[in-house]
Every structure is written in C-alpha cells, then in structure tokens.
$ cat data_26.cif   # mmCIF, C-alpha atoms
data_data
loop_
_atom_site.group_PDB
_atom_site.id
_atom_site.type_symbol
_atom_site.label_atom_id
_atom_site.label_comp_id
_atom_site.auth_asym_id
_atom_site.auth_seq_id
_atom_site.Cartn_x
_atom_site.Cartn_y
_atom_site.Cartn_z
ATOM 1 C CA MET O 1 12.595 -31.449 60.884
ATOM 2 C CA ILE O 2 13.277 -31.225 57.143
ATOM 3 C CA SER O 3 11.887 -28.059 55.581
ATOM 4 C CA SER O 4 9.488 -28.157 52.650
ATOM 5 C CA ASP O 5 12.115 -26.352 50.537
ATOM 6 C CA ALA O 6 14.622 -29.101 51.188
ATOM 7 C CA VAL O 7 12.094 -31.799 50.255
ATOM 8 C CA LEU O 8 11.267 -29.936 47.036
ATOM 9 C CA TRP O 9 14.976 -29.638 46.198
ATOM 10 C CA VAL O 10 15.468 -33.408 46.697
ATOM 11 C CA LEU O 11 12.489 -34.218 44.472
ATOM 12 C CA VAL O 12 13.701 -31.902 41.705
ATOM 13 C CA SER O 13 17.186 -33.428 41.911
ATOM 14 C CA LEU O 14 15.812 -36.972 41.636
ATOM 15 C CA LEU O 15 13.619 -36.068 38.685
ATOM 16 C CA ALA O 16 16.530 -34.378 36.932
ATOM 17 C CA ALA O 17 18.722 -37.435 37.466
ATOM 18 C CA ALA O 18 16.014 -39.773 36.145
ATOM 19 C CA ALA O 19 15.263 -37.656 33.056
ATOM 20 C CA PRO O 20 17.118 -38.783 29.939
ATOM 21 C CA ALA O 21 19.860 -36.487 28.735
ATOM 22 C CA PRO O 22 18.989 -34.493 25.609
ATOM 23 C CA PRO O 23 20.456 -35.978 22.447
ATOM 24 C CA PRO O 24 23.708 -34.394 21.321
ATOM 25 C CA ALA O 25 23.442 -31.907 18.492
ATOM 26 C CA ALA O 26 24.131 -33.448 15.111
ATOM 27 C CA SER O 27 27.289 -31.938 13.728
ATOM 28 C CA SER O 28 28.678 -34.267 11.056
ATOM 29 C CA TYR O 29 28.379 -33.783 7.314
ATOM 30 C CA GLU O 30 26.806 -37.239 7.072
ATOM 31 C CA ASP O 31 23.986 -35.975 9.301
ATOM 32 C CA LEU O 32 23.341 -33.198 6.774
ATOM 33 C CA VAL O 33 23.323 -35.662 3.863
ATOM 34 C CA SER O 34 20.860 -37.912 5.681
ATOM 35 C CA PHE O 35 18.700 -34.923 6.573
ATOM 36 C CA PHE O 36 18.742 -33.708 2.968
ATOM 37 C CA ARG O 37 17.524 -37.045 1.591
ATOM 38 C CA GLU O 38 14.667 -37.074 4.077
ATOM 39 C CA TRP O 39 13.908 -33.417 3.365
ATOM 40 C CA ARG O 40 13.590 -33.974 -0.385
ATOM 41 C CA GLY O 41 11.017 -36.688 0.306
ATOM 42 C CA PHE O 42 9.056 -34.427 2.648
ATOM 43 C CA GLN O 43 9.147 -31.583 0.121
ATOM 44 C CA LYS O 44 6.934 -33.545 -2.259
ATOM 45 C CA PRO O 45 3.167 -33.457 -1.714
ATOM 46 C CA LYS O 46 1.241 -36.495 -0.566
ATOM 47 C CA ILE O 47 -0.222 -38.614 -3.361
ATOM 48 C CA ALA O 48 -3.913 -39.602 -3.217
ATOM 49 C CA GLY O 49 -5.323 -41.782 -5.981
ATOM 50 C CA GLY O 50 -2.323 -41.055 -8.186
ATOM 51 C CA VAL O 51 -2.837 -37.289 -7.845
ATOM 52 C CA PRO O 52 -0.631 -34.946 -5.774
ATOM 53 C CA ASP O 53 -2.630 -33.285 -3.003
ATOM 54 C CA TYR O 54 -2.326 -29.497 -2.912
ATOM 55 C CA GLY O 55 -5.547 -28.966 -0.976
ATOM 56 C CA ALA O 56 -5.732 -26.469 1.880
ATOM 57 C CA ALA O 57 -5.553 -29.138 4.592
ATOM 58 C CA ALA O 58 -2.560 -30.897 3.020
ATOM 59 C CA MET O 59 -0.648 -27.657 2.560
ATOM 60 C CA ALA O 60 -1.410 -26.520 6.112
ATOM 61 C CA ALA O 61 -0.074 -29.836 7.422
ATOM 62 C CA GLN O 62 3.096 -29.494 5.349
ATOM 63 C CA GLN O 63 3.669 -25.947 6.568
ATOM 64 C CA LYS O 64 3.267 -27.042 10.174
ATOM 65 C CA GLU O 65 5.720 -29.935 9.775
ATOM 66 C CA LEU O 66 8.184 -27.642 8.016
ATOM 67 C CA GLU O 67 8.933 -26.041 11.383
ATOM 68 C CA THR O 68 10.160 -29.420 12.647
ATOM 69 C CA TYR O 69 12.605 -29.643 9.764
ATOM 70 C CA ARG O 70 13.848 -26.108 10.404
ATOM 71 C CA ARG O 71 14.550 -26.949 14.051
ATOM 72 C CA ARG O 72 16.347 -30.134 13.057
ATOM 73 C CA LEU O 73 18.555 -28.300 10.587
ATOM 74 C CA SER O 74 19.331 -25.612 13.162
ATOM 75 C CA ALA O 75 20.575 -28.345 15.495
ATOM 76 C CA ILE O 76 23.281 -29.265 12.976
ATOM 77 C CA ASP O 77 26.391 -27.168 13.581
ATOM 78 C CA PRO O 78 28.530 -26.791 10.425
ATOM 79 C CA SER O 79 30.970 -24.253 11.874
ATOM 80 C CA GLY O 80 33.874 -26.719 12.009
ATOM 81 C CA TRP O 81 33.358 -28.173 8.540
ATOM 82 C CA PRO O 82 35.404 -27.426 5.407
ATOM 83 C CA ILE O 83 34.075 -24.457 3.423
ATOM 84 C CA PRO O 84 32.528 -26.556 0.592
ATOM 85 C CA GLN O 85 30.497 -28.506 3.157
ATOM 86 C CA GLN O 86 29.406 -25.298 4.860
ATOM 87 C CA VAL O 87 28.220 -24.120 1.440
ATOM 88 C CA ASP O 88 26.123 -27.283 1.132
ATOM 89 C CA TYR O 89 24.574 -26.517 4.519
ATOM 90 C CA ALA O 90 23.718 -22.989 3.368
ATOM 91 C CA ILE O 91 22.063 -24.340 0.212
ATOM 92 C CA VAL O 92 19.954 -26.829 2.178
ATOM 93 C CA ARG O 93 18.923 -24.024 4.531
ATOM 94 C CA ALA O 94 17.962 -21.942 1.480
ATOM 95 C CA GLU O 95 15.751 -24.778 0.216
ATOM 96 C CA LEU O 96 13.872 -24.808 3.509
ATOM 97 C CA ALA O 97 13.506 -21.041 3.278
ATOM 98 C CA GLY O 98 12.138 -21.467 -0.247
ATOM 99 C CA LEU O 99 9.359 -23.783 0.873
ATOM 100 C CA ASP O 100 8.640 -21.429 3.761
ATOM 101 C CA PHE O 101 8.335 -18.567 1.250
ATOM 102 C CA ASP O 102 5.967 -20.642 -0.870
ATOM 103 C CA HIS O 103 3.694 -21.214 2.103
ATOM 104 C CA ARG O 104 3.810 -17.699 3.549
ATOM 105 C CA VAL O 105 3.857 -15.596 0.379
ATOM 106 C CA LEU O 106 3.560 -17.261 -3.027
ATOM 107 C CA LYS O 107 1.039 -20.039 -2.315
ATOM 108 C CA PRO O 108 1.208 -21.044 -6.017
ATOM 109 C CA TRP O 109 -1.304 -23.870 -5.507
ATOM 110 C CA ALA O 110 -3.866 -21.243 -4.450
ATOM 111 C CA ASN O 111 -2.836 -18.235 -6.547
ATOM 112 C CA ASN O 112 -1.304 -19.364 -9.832
ATOM 113 C CA PRO O 113 -3.243 -21.424 -12.412
ATOM 114 C CA ALA O 114 0.008 -22.059 -14.321
ATOM 115 C CA PHE O 115 1.111 -24.158 -11.332
ATOM 116 C CA TYR O 116 -1.241 -26.896 -12.542
ATOM 117 C CA ALA O 117 0.134 -27.093 -16.093
ATOM 118 C CA THR O 118 2.213 -30.274 -16.012
ATOM 119 C CA VAL O 119 2.862 -30.936 -19.721
ATOM 120 C CA SER O 120 5.863 -29.296 -21.360
ATOM 121 C CA GLY O 121 6.292 -29.423 -25.129
ATOM 122 C CA GLU O 122 9.553 -27.463 -25.349
ATOM 123 C CA GLU O 123 12.792 -27.548 -23.404
ATOM 124 C CA SER O 124 13.365 -24.602 -21.085
ATOM 125 C CA ASP O 125 16.368 -22.355 -21.690
ATOM 126 C CA GLN O 126 17.093 -22.788 -17.967
ATOM 127 C CA PRO O 127 18.625 -25.855 -16.250
ATOM 128 C CA ALA O 128 15.210 -26.510 -14.695
ATOM 129 C CA PRO O 129 11.683 -25.310 -15.540
ATOM 130 C CA GLU O 130 11.074 -21.779 -14.321
ATOM 131 C CA GLY O 131 8.540 -21.105 -11.597
ATOM 132 C CA PRO O 132 6.767 -23.520 -9.238
ATOM 133 C CA HIS O 133 4.884 -26.427 -10.777
ATOM 134 C CA ALA O 134 2.813 -29.302 -9.469
ATOM 135 C CA LEU O 135 4.535 -32.646 -9.072
ATOM 136 C CA GLY O 136 4.568 -34.889 -12.132
ATOM 137 C CA THR O 137 5.687 -32.699 -15.044
ATOM 138 C CA ILE O 138 5.764 -34.530 -18.383
ATOM 139 C CA ASP O 139 8.568 -33.311 -20.638
ATOM 140 C CA LEU O 140 7.290 -34.437 -24.034
ATOM 141 C CA TRP O 141 10.336 -32.940 -25.756
ATOM 142 C CA LYS O 142 12.519 -35.627 -24.186
ATOM 143 C CA TYR O 143 10.882 -38.469 -26.122
ATOM 144 C CA ALA O 144 11.486 -39.495 -29.720
ATOM 145 C CA SER O 145 8.626 -39.685 -32.206
ATOM 146 C CA PRO O 146 6.757 -41.940 -32.655
ATOM 147 C CA LEU O 147 6.582 -42.736 -28.960
ATOM 148 C CA SER O 148 7.884 -46.174 -27.999
ATOM 149 C CA ALA O 149 5.906 -48.508 -25.767
ATOM 150 C CA LYS O 150 8.473 -47.937 -22.997
ATOM 151 C CA ASP O 151 8.151 -44.156 -23.246
ATOM 152 C CA ALA O 152 4.361 -44.427 -23.304
ATOM 153 C CA GLU O 153 4.409 -46.296 -19.999
ATOM 154 C CA ALA O 154 6.769 -43.683 -18.543
ATOM 155 C CA ILE O 155 4.362 -40.797 -19.168
ATOM 156 C CA ARG O 156 1.086 -42.682 -18.622
ATOM 157 C CA PRO O 157 0.883 -41.978 -14.833
ATOM 158 C CA GLY O 158 1.372 -38.248 -15.454
ATOM 159 C CA LEU O 159 -1.334 -38.138 -18.096
ATOM 160 C CA ARG O 160 -3.773 -40.063 -15.929
ATOM 161 C CA ALA O 161 -3.208 -37.633 -13.055
ATOM 162 C CA ILE O 162 -4.171 -34.567 -15.108
ATOM 163 C CA PRO O 163 -7.999 -34.831 -14.904
ATOM 164 C CA GLY O 164 -7.908 -35.300 -11.130
ATOM 165 C CA LEU O 165 -5.310 -32.600 -10.610
ATOM 166 C CA LEU O 166 -7.245 -30.032 -12.649
ATOM 167 C CA ALA O 167 -10.490 -30.923 -10.880
ATOM 168 C CA GLN O 168 -8.708 -30.348 -7.570
ATOM 169 C CA ALA O 169 -7.320 -27.039 -8.878
ATOM 170 C CA ARG O 170 -10.812 -25.583 -9.202
ATOM 171 C CA THR O 171 -11.172 -25.879 -5.437
ATOM 172 C CA ASN O 172 -7.608 -24.954 -4.533
ATOM 173 C CA LEU O 173 -7.373 -21.773 -6.636
ATOM 174 C CA THR O 174 -8.737 -18.951 -4.502
ATOM 175 C CA GLY O 175 -6.317 -16.115 -5.362
ATOM 176 C CA ASN O 176 -7.294 -12.775 -6.850
ATOM 177 C CA GLY O 177 -4.109 -11.884 -8.765
ATOM 178 C CA ARG O 178 -5.296 -10.850 -12.219
ATOM 179 C CA ASP O 179 -1.953 -11.087 -14.039
ATOM 180 C CA LEU O 180 -1.258 -14.550 -12.627
ATOM 181 C CA TRP O 181 -4.734 -15.674 -13.649
ATOM 182 C CA ILE O 182 -4.513 -14.344 -17.223
ATOM 183 C CA PHE O 183 -1.016 -15.714 -17.786
ATOM 184 C CA GLY O 184 -1.931 -19.015 -16.155
ATOM 185 C CA ALA O 185 -4.855 -19.492 -18.527
ATOM 186 C CA LYS O 186 -2.474 -18.943 -21.441
ATOM 187 C CA VAL O 187 -0.097 -21.611 -20.105
ATOM 188 C CA VAL O 188 -2.961 -24.073 -19.666
ATOM 189 C CA ARG O 189 -4.078 -23.491 -23.273
ATOM 190 C CA GLN O 190 -0.497 -24.197 -24.357
ATOM 191 C CA GLN O 191 -0.734 -27.520 -22.519
ATOM 192 C CA SER O 192 -3.806 -28.341 -24.598
ATOM 193 C CA ALA O 193 -1.850 -27.555 -27.786
ATOM 194 C CA ASP O 194 1.039 -29.755 -26.661
ATOM 195 C CA LEU O 195 -1.338 -32.626 -25.917
ATOM 196 C CA ALA O 196 -2.886 -32.201 -29.367
ATOM 197 C CA LYS O 197 0.584 -32.639 -30.879
ATOM 198 C CA LEU O 198 1.038 -35.823 -28.863
ATOM 199 C CA ALA O 199 -1.812 -37.694 -30.589
ATOM 200 C CA PRO O 200 -0.059 -38.128 -33.986
ATOM 201 C CA ARG O 201 3.002 -39.483 -32.192
ATOM 202 C CA LEU O 202 1.073 -42.467 -30.809
ATOM 203 C CA ALA O 203 1.387 -45.562 -32.965
ATOM 204 C CA GLY O 204 2.178 -49.233 -32.577
ATOM 205 C CA GLY O 205 3.210 -50.024 -29.002
ATOM 206 C CA SER O 206 2.237 -46.563 -27.754
ATOM 207 C CA ALA O 207 -1.261 -46.491 -29.306
ATOM 208 C CA SER O 208 -2.797 -47.621 -26.013
ATOM 209 C CA LEU O 209 -1.880 -44.217 -24.578
ATOM 210 C CA ALA O 210 -4.370 -42.444 -26.854
ATOM 211 C CA PRO O 211 -7.390 -42.655 -24.476
ATOM 212 C CA ASP O 212 -5.338 -41.240 -21.577
ATOM 213 C CA ALA O 213 -4.020 -38.436 -23.778
ATOM 214 C CA ALA O 214 -7.533 -37.626 -24.990
ATOM 215 C CA LYS O 215 -8.889 -37.465 -21.426
ATOM 216 C CA ALA O 216 -5.994 -35.257 -20.354
ATOM 217 C CA LYS O 217 -6.624 -32.872 -23.238
ATOM 218 C CA GLN O 218 -10.367 -32.698 -22.570
ATOM 219 C CA ALA O 219 -9.722 -31.963 -18.880
ATOM 220 C CA THR O 220 -7.219 -29.278 -19.889
ATOM 221 C CA ASP O 221 -9.687 -27.646 -22.297
ATOM 222 C CA ASP O 222 -12.417 -27.682 -19.633
ATOM 223 C CA PHE O 223 -10.028 -26.159 -17.108
ATOM 224 C CA ALA O 224 -8.973 -23.413 -19.535
ATOM 225 C CA ALA O 225 -12.639 -22.566 -20.148
ATOM 226 C CA TRP O 226 -13.228 -22.408 -16.387
ATOM 227 C CA LEU O 227 -10.249 -20.075 -15.969
ATOM 228 C CA ASP O 228 -11.553 -17.794 -18.720
ATOM 229 C CA ALA O 229 -14.964 -17.678 -17.043
ATOM 230 C CA GLN O 230 -13.380 -16.718 -13.714
ATOM 231 C CA ALA O 231 -10.956 -14.159 -15.139
ATOM 232 C CA ALA O 232 -13.314 -11.178 -15.063
ATOM 233 C CA SER O 233 -13.641 -11.456 -11.279
ATOM 234 C CA LYS O 234 -9.877 -11.323 -10.699
ATOM 235 C CA THR O 235 -8.873 -7.730 -9.969
ATOM 236 C CA GLY O 236 -6.002 -7.851 -7.481
ATOM 237 C CA PRO O 237 -2.231 -7.389 -7.868
ATOM 238 C CA SER O 238 0.013 -10.378 -8.494
ATOM 239 C CA GLY O 239 3.324 -9.129 -7.086
ATOM 240 C CA VAL O 240 4.814 -10.070 -3.715
ATOM 241 C CA GLY O 241 5.999 -6.592 -2.695
ATOM 242 C CA VAL O 242 9.490 -5.202 -2.082
ATOM 243 C CA GLU O 243 9.810 -6.429 1.512
ATOM 244 C CA ASN O 244 8.981 -10.021 0.599
ATOM 245 C CA TYR O 245 11.212 -9.862 -2.460
ATOM 246 C CA ASP O 246 14.150 -8.616 -0.378
ATOM 247 C CA TRP O 247 13.625 -11.506 2.056
ATOM 248 C CA TYR O 248 13.541 -13.956 -0.871
ATOM 249 C CA LEU O 249 16.753 -12.569 -2.372
ATOM 250 C CA LYS O 250 18.609 -12.845 0.933
ATOM 251 C CA ASN O 251 17.315 -16.141 2.316
ATOM 252 C CA VAL O 252 16.401 -18.217 -0.743
ATOM 253 C CA GLN O 253 18.558 -16.958 -3.615
ATOM 254 C CA LEU O 254 21.427 -16.021 -1.262
ATOM 255 C CA VAL O 255 21.930 -12.789 -3.210
ATOM 256 C CA PRO O 256 23.734 -9.989 -1.324
ATOM 257 C CA TYR O 257 21.604 -7.224 -2.853
ATOM 258 C CA THR O 258 18.203 -5.756 -2.127
ATOM 259 C CA TRP O 259 15.602 -4.954 -4.784
ATOM 260 C CA ALA O 260 16.630 -1.278 -4.700
ATOM 261 C CA GLU O 261 20.305 -2.163 -5.153
ATOM 262 C CA GLU O 262 19.494 -4.442 -8.089
ATOM 263 C CA VAL O 263 17.501 -1.642 -9.711
ATOM 264 C CA ALA O 264 20.473 0.709 -9.235
ATOM 265 C CA LEU O 265 22.808 -1.847 -10.873
ATOM 266 C CA MET O 266 20.478 -2.259 -13.857
ATOM 267 C CA GLU O 267 20.061 1.500 -14.286
ATOM 268 C CA ARG O 268 23.834 1.928 -14.182
ATOM 269 C CA GLU O 269 24.276 -0.689 -16.917
ATOM 270 C CA LEU O 270 21.549 0.958 -18.986
ATOM 271 C CA ALA O 271 23.305 4.317 -18.667
ATOM 272 C CA ARG O 272 26.602 2.711 -19.664
ATOM 273 C CA SER O 273 25.000 1.181 -22.779
ATOM 274 C CA ARG O 274 23.436 4.489 -23.803
ATOM 275 C CA ALA O 275 26.746 6.288 -23.313
ATOM 276 C CA LEU O 276 28.597 3.782 -25.505
ATOM 277 C CA LEU O 277 25.884 4.055 -28.166
ATOM 278 C CA ALA O 278 26.227 7.854 -28.150
ATOM 279 C CA MET O 279 30.003 7.530 -28.515
ATOM 280 C CA GLU O 280 29.609 5.249 -31.544
ATOM 281 C CA GLU O 281 27.081 7.594 -33.118
ATOM 282 C CA LEU O 282 29.438 10.544 -32.620
ATOM 283 C CA LYS O 283 32.395 8.612 -34.031
ATOM 284 C CA ASN O 284 30.401 7.760 -37.173
ATOM 285 C CA ALA O 285 28.530 11.068 -37.480
ATOM 286 C CA SER O 286 30.067 11.816 -40.892
ATOM 287 C CA ARG O 287 28.846 8.558 -42.408
ATOM 288 C CA PRO O 288 25.402 8.035 -43.946
ATOM 289 C CA PRO O 289 22.837 6.302 -41.742
ATOM 290 C CA GLN O 290 22.645 2.529 -42.175
ATOM 291 C CA ALA O 291 19.553 1.187 -43.898
ATOM 292 C CA PRO O 292 17.368 -0.904 -41.580
ATOM 293 C CA VAL O 293 17.355 -4.637 -42.263
ATOM 294 C CA ALA O 294 14.398 -5.305 -44.546
ATOM 295 C CA SER O 295 14.200 -9.091 -44.564
ATOM 296 C CA ALA O 296 15.437 -12.191 -42.803
ATOM 297 C CA ALA O 297 17.743 -12.984 -45.725
#
$ encode --input "data_26.cif" --output "structure tokens"
Amino acid sequence: MISSDAVLWVLVSLLAAAAPAPPPAASSYEDLVSFFREWRGFQKPKIAGGVPDYGAAAMAAQQKELETYRRRLSAIDPSGWPIPQQVDYAIVRAELAGLDFDHRVLKPWANNPAFYATVSGEESDQPAPEGPHALGTIDLWKYASPLSAKDAEAIRPGLRAIPGLLAQARTNLTGNGRDLWIFGAKVVRQQSADLAKLAPRLAGGSASLAPDAAKAKQATDDFAAWLDAQAASKTGPSGVGVENYDWYLKNVQLVPYTWAEEVALMERELARSRALLAMEELKNASRPPQAPVASAA
C-alpha cells in the first residue's frame, strides 16, 4: 500500500513540473533603458479633462503601483555592466527613491501651495526649475514678444488647465506647514503678475489666447485670496526633519554626507573665511579704512 506521504510527494512533484518556470531576471542594459522609458511615463500623473490629477485617490494608486516598479528594477542585475552603465542604473534607482520620498514625506500636492503654480515668467538659475511642481509648467520667458500664433497654441493647453487645477488644489491641500503656505501664496501671486504681463504680448495671430489668459489669471487671483484666508489656521512646521533629510541625501541625491556632516563642512568653510578676513585686516591695519560704496555708479 502506498502511504499518504508518498501520494502527497507525487502530487507536489507533478504540480511543480506543470508550473511555469519563473522568468529570468532582466540583466541587460537595454532592459534598463526600456524600463526607464516606461517609468518616466508612469511618473506623470493621470490626466482628466485636460487637468493632471493629484487627488488623494490618484496619488494613493500611484504610490501603490510604485512598489511594482521598485521590484522590477531590483530584478535587473547591473553588476556585470561597465561602470557608466552601472551609474545609469544608480540614477534610475534614485529617481524611484525620489518619488517614494514625495509620497512618504513631502506630499507637495497636499502640503505646498507653490506646487500648483505652473506659470514661470523668468528663467531659473538652475538647469531645471527648483522644487516639485504640477505637470504642465508654462515657461513664458521662452517665447518672443509679441506671441506668435504657433507659440499661442503651444501654451493654450497649459493655460486652460489652470482653473481646473487650482480648483482641485483647494481640495488636495490639507497640510498645516505655515512657512510652506505663506511662501506658496507669494508664488501664486507672482503667477498672477506674470499672467498680467502676458496680456500685452497677445496680438494678431495670438489674440485668441486672451480669453484663456484672462480666465487663468482670475482663477489664480481667486486661489491666492483663498490661500490668504486659510493662512491664519496654518501653525505647523514645514521641515522634513533630520532623519528624513539624511535618507533623502543618501538615496535620492546620492550624497555621501549626512546633515550633520554637511553642517560641519559649512562651519569649517565659514571659519576659514573669517580667518582669511582677519589676516587681510591685520595686513592692512596701518591703512585708513575704506569708505563704503555710496552708489551704484
């Protein structure tokens, strides 16, 4: 008689043989490139009615799906690649960590009113705009004045999205960080000023953009007034804390220093500057003090 253990062993063996083999781990650089293209598409929010969706449900769904992307990237083994390709892998991994940090810590769509300012009148002194921003930024400084019909059509979708985006922001913004709120209101008012400067640039083929620009400015002014009305109730801190900042430095910025070490480096440089200033003052002690500059000329 065959024992029950033997029957069980046979069944398990048959099931194991019938089960498909797990797919091999992706390990080519082309797999990383393909993953990266797909990742950049996923990174963007869903669009509903021409407006990016940063609502609580949409962001929760993105955060949940992010874990799938992290597992997929972990399955790619870059250990045998040339160093430059391994660097690319590390940068892609840092991008995933950045979105993870946004969801766990920053939550700019819920905490930072400046996130919803999508019109930029001046070029940033950085390669890319600083800080997180909603999808669809309009860089007005890139376009010649008066605006051509082609340029008007390029920025029309962004302008038309502003009223809906700012209406959505009133629901999405639930944070209590006072500094973020006050600064964000200032940035939104700057958007209104930039939109006001756009109106005189609309003529000829771009004149049809005027109604969209006017609606965007009115929505911006209404949003700024709403932020001002809410400001008094915002009393909390706006920082992320040392522990979160250390994690961000290591995993997103790929910086080999902690917050405390960066402070020590800055204090050392400050001490060096003060020492050099004291040396110059001592070297020139016999000379009369220089008169302060009195005018721009």
$ closest_residue --input "data_26.cif" --among "O:Asp222, O:Asp100, O:Asp53, O:Asp151" --to "O:Gly205" --atoms "only C-alpha atoms"
O:Asp151
$ closest_atom_pairs --input "data_26.cif" --of "stretch 37-123 of chain O" --to "stretch 254-274 of chain O" --cutoff "12 Å" --atoms "all atoms listed in the file" --output "CSV"
residue,atom,partner,partner_atom,distance
O:Val87,CA,O:Leu254,CA,10.9
O:Ala90,CA,O:Leu254,CA,8.7
O:Ile91,CA,O:Leu254,CA,8.5
O:Val92,CA,O:Leu254,CA,11.4
O:Arg93,CA,O:Leu254,CA,10.2
O:Ala94,CA,O:Leu254,CA,7.4
O:Glu95,CA,O:Leu254,CA,10.5
O:Ala97,CA,O:Leu254,CA,10.4
O:Gly98,CA,O:Leu254,CA,10.8
$ closest_residue --input "data_26.cif" --among "O:Trp181, O:Gln191, O:Pro113, O:Leu66" --to "O:Asp139" --atoms "all atoms listed in the file"
O:Gln191
$ resolve_selection --input "data_26.cif" --expression "the PyMOL selection byres ((chain O and resi 223) around 9)" --output "number ranges by chain"
O: 166-167, 169-170, 185, 188-189, 218-222, 224-228
$ closest_residue --input "data_26.cif" --among "O:Ala134, O:Leu249, O:Leu147, O:Ala216" --to "O:Ala110" --atoms "all atoms listed in the file"
O:Ala134
$ closest_residue --input "data_26.cif" --among "O:Val187, O:Val105, O:Ala75, O:Ala57" --to "O:Ser120" --atoms "all atoms listed in the file"
O:Val187
$ build_atoms --input "data_26.cif" --residues "stretch 124-132 of chain O" --atoms "all heavy atoms" --output "mmCIF file, keeping the file's coordinate frame"
data_model
loop_
_atom_site.group_PDB
_atom_site.id
_atom_site.type_symbol
_atom_site.label_atom_id
_atom_site.label_comp_id
_atom_site.auth_asym_id
_atom_site.auth_seq_id
_atom_site.Cartn_x
_atom_site.Cartn_y
_atom_site.Cartn_z
ATOM 1 N N SER O 124 13.108 -25.928 -21.635
ATOM 2 C CA SER O 124 13.365 -24.602 -21.085
ATOM 3 C C SER O 124 14.791 -24.171 -21.397
ATOM 4 O O SER O 124 15.687 -25.007 -21.565
ATOM 5 C CB SER O 124 13.143 -24.611 -19.570
ATOM 6 O OG SER O 124 13.567 -23.405 -18.980
ATOM 7 N N ASP O 125 15.010 -22.855 -21.504
ATOM 8 C CA ASP O 125 16.368 -22.355 -21.690
ATOM 9 C C ASP O 125 17.101 -22.240 -20.357
ATOM 10 O O ASP O 125 18.207 -21.717 -20.284
ATOM 11 C CB ASP O 125 16.351 -21.008 -22.408
ATOM 12 C CG ASP O 125 15.576 -19.945 -21.640
ATOM 13 O OD1 ASP O 125 15.000 -20.280 -20.584
ATOM 14 O OD2 ASP O 125 15.538 -18.789 -22.091
ATOM 15 N N GLN O 126 16.483 -22.751 -19.279
ATOM 16 C CA GLN O 126 17.093 -22.788 -17.967
ATOM 17 C C GLN O 126 17.414 -24.242 -17.604
ATOM 18 O O GLN O 126 16.843 -25.171 -18.183
ATOM 19 C CB GLN O 126 16.152 -22.195 -16.918
ATOM 20 C CG GLN O 126 15.711 -20.781 -17.215
ATOM 21 C CD GLN O 126 16.854 -19.800 -17.162
ATOM 22 O OE1 GLN O 126 17.735 -19.912 -16.324
ATOM 23 N NE2 GLN O 126 16.860 -18.837 -18.060
ATOM 24 N N PRO O 127 18.323 -24.469 -16.653
ATOM 25 C CA PRO O 127 18.625 -25.855 -16.250
ATOM 26 C C PRO O 127 17.412 -26.610 -15.739
ATOM 27 O O PRO O 127 17.339 -27.829 -15.845
ATOM 28 C CB PRO O 127 19.665 -25.666 -15.137
ATOM 29 C CG PRO O 127 20.274 -24.338 -15.402
ATOM 30 C CD PRO O 127 19.170 -23.486 -15.983
ATOM 31 N N ALA O 128 16.444 -25.893 -15.182
ATOM 32 C CA ALA O 128 15.210 -26.510 -14.695
ATOM 33 C C ALA O 128 14.050 -25.604 -15.094
ATOM 34 O O ALA O 128 14.245 -24.409 -15.347
ATOM 35 C CB ALA O 128 15.255 -26.677 -13.175
ATOM 36 N N PRO O 129 12.835 -26.149 -15.174
ATOM 37 C CA PRO O 129 11.683 -25.310 -15.540
ATOM 38 C C PRO O 129 11.553 -24.128 -14.588
ATOM 39 O O PRO O 129 11.762 -24.254 -13.382
ATOM 40 C CB PRO O 129 10.496 -26.271 -15.395
ATOM 41 C CG PRO O 129 11.081 -27.624 -15.596
ATOM 42 C CD PRO O 129 12.465 -27.554 -14.996
ATOM 43 N N GLU O 130 11.193 -22.982 -15.136
ATOM 44 C CA GLU O 130 11.074 -21.779 -14.321
ATOM 45 C C GLU O 130 9.738 -21.752 -13.585
ATOM 46 O O GLU O 130 8.715 -22.155 -14.121
ATOM 47 C CB GLU O 130 11.199 -20.544 -15.210
ATOM 48 C CG GLU O 130 12.559 -20.413 -15.874
ATOM 49 C CD GLU O 130 12.643 -19.208 -16.782
ATOM 50 O OE1 GLU O 130 12.822 -18.095 -16.261
ATOM 51 O OE2 GLU O 130 12.513 -19.369 -18.001
ATOM 52 N N GLY O 131 9.761 -21.255 -12.369
ATOM 53 C CA GLY O 131 8.540 -21.105 -11.597
ATOM 54 C C GLY O 131 8.110 -22.410 -10.946
ATOM 55 O O GLY O 131 8.529 -23.497 -11.340
ATOM 56 N N PRO O 132 7.256 -22.318 -9.925
ATOM 57 C CA PRO O 132 6.767 -23.520 -9.238
ATOM 58 C C PRO O 132 5.747 -24.269 -10.086
ATOM 59 O O PRO O 132 4.930 -23.665 -10.781
ATOM 60 C CB PRO O 132 6.128 -22.953 -7.963
ATOM 61 C CG PRO O 132 5.737 -21.552 -8.327
ATOM 62 C CD PRO O 132 6.750 -21.074 -9.326
#
